[in-house]
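Undergrad: Attaching a single structure in structure tokens format; questions to follow.
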Amino acid sequence: FMAMQQGVPIDEVVSKGVILAFAVFPQIINEMPGFNAAFGILFFACLFLAGITSLISIIETYIAGIQDKFKISRKKAVVICCGLSALTSIIYATQGGLNILDIVDAFINNYGVAFAGLAEIIAVVWVLNKLNDLRDHANALSDIRLGSWWTICLKYITPLILTLMLILNIKTDLTSSYGGYPIMLNFYFGWLVAICAIIFGIVFAYVKKWDRNVLEMPEDREVKKNGK
């Protein structure tokens with residue numbers, strides 16, 4: 001619809017990421033022949049609910065990690081994690097915050113998360129050779145049994161896919177500037193943020209060692225597993 005209105009190809013109109021949600025869709029709603037306000041309210045209400053639920057699911061992961069790693073109360077962990085997140089997010093409320101958010105989101109997902117997942121798999125599966133122990137632990141705590149298919153996926157398929165993704169993403173971002181943004185903007189809020197996130201994760205892992213008893217199997221589950 002927008003492409004026809006502007007007389008341009010579709011690929012020049014449609015974006016992805018946060019730009020799609022906060023720029024393209026609002027423009028589409030404004031171009032609608034009627035009920036613009038109603039559709040706008042419904043769209044952003046749904047977007048708000050999606051954002052809140054995603055925020056809770058994401059922030060709960062490292063709240064639990066901080067709580068377990070440093071043996072602090074949940075209230076203190078929530079204050080620390082949410083406080084730091086709120087301070088960091090202030091930059092996204094600035095005039096260029098939407099563009100910065102788009103860059104950070106893309107590079108963290110394409111490199112930070114992918115590299116962290118690949119590093120974890122290599123460390124657990126190939127370096128420490130703890131895949132079978134991890135599977136036994138998961139089977140003892142879950143009603144869904146993990147079989148050989150899970151082992152094959154984690155040992156071969158997943159590392160291969162993540163490696164290919166990283167190589168292709170690096171090739172794409174080195175040959176062209178992401179989103180058409182200035183190169184230095186992509187460097188500071190893209191490459192630098194992703195690299196710092198990876199380094200922070202490595203350093204944080206060695207700040208305080210995990211309790212070796214964290215992954216111990218509960219006795220009731222162990223008895224159930226052994227069929228006693």
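Please note that chains go A, B, ... in the order of the structure tokens, that every chain numbers its residues from 1, and that ligands are numbered from 1 in the order shown.
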What are the closest atom pairs, with distances in Å to one decimal, for all residues of range 98-161 of chain A lying within 9 Å of range 89-92 of chain A? Consider only C-alpha atoms, order rows by chain and residue number, and present the result as JSON lines.
TA:
{"residue": "A:Leu98", "atom": "CA", "partner": "A:Tyr92", "partner_atom": "CA", "distance": 6.1}
{"residue": "A:Asn99", "atom": "CA", "partner": "A:Tyr92", "partner_atom": "CA", "distance": 8.4}
{"residue": "A:Ile100", "atom": "CA", "partner": "A:Tyr92", "partner_atom": "CA", "distance": 6.7}
{"residue": "A:Leu101", "atom": "CA", "partner": "A:Tyr92", "partner_atom": "CA", "distance": 6.1}
Undergrad: Could you pull out the helix (DSSP H, G or I) residues of range 79-228 of chain A, going by DSSP on the backbone, and write them as a VMD selection string?
TA: chain A and resid 79 to 93 97 to 127 131 to 141 148 to 175 178 to 180 183 to 207 219 to 226
Undergrad: What's the separation between CA of Ala138 in chain A and CA of Thr61 in chain A, in Å to one decimal place?
TA: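 So the two atoms, CA of Ala138 in chain A and CA of Thr61 in chain A, lie 17.6 Å apart.
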Undergrad: Do you know which residues are at most 12 Å from range 185-187 of chain A counting only C-alpha atoms, after dropping those on the same chain fewer than 2 positions away, and could you put them as a PyMOL selection string?
TA: chain A and resi 96-97+99-108+173-174+176-183+189-196
Undergrad: Distance CA of Ala64 in chain A-CA of Val207 in chain A, one decimal place?
TA: 16.4 Å
Undergrad: So which residues touch Val125 in chain A within 9 Å, counting only C-alpha atoms, skipping near sequence neighbours fewer than 6 positions away, as a list in words?
TA: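 Contacts, with the query itself left out: Leu131, Asn132, Leu154 and Lys155 of chain A.
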Undergrad: For CA of Ala119 in chain A and CA of Thr158 in chain A, quote the distance in Å rounded to one decimal.
TA: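 Here the two named atoms are 11.4 Å from each other.
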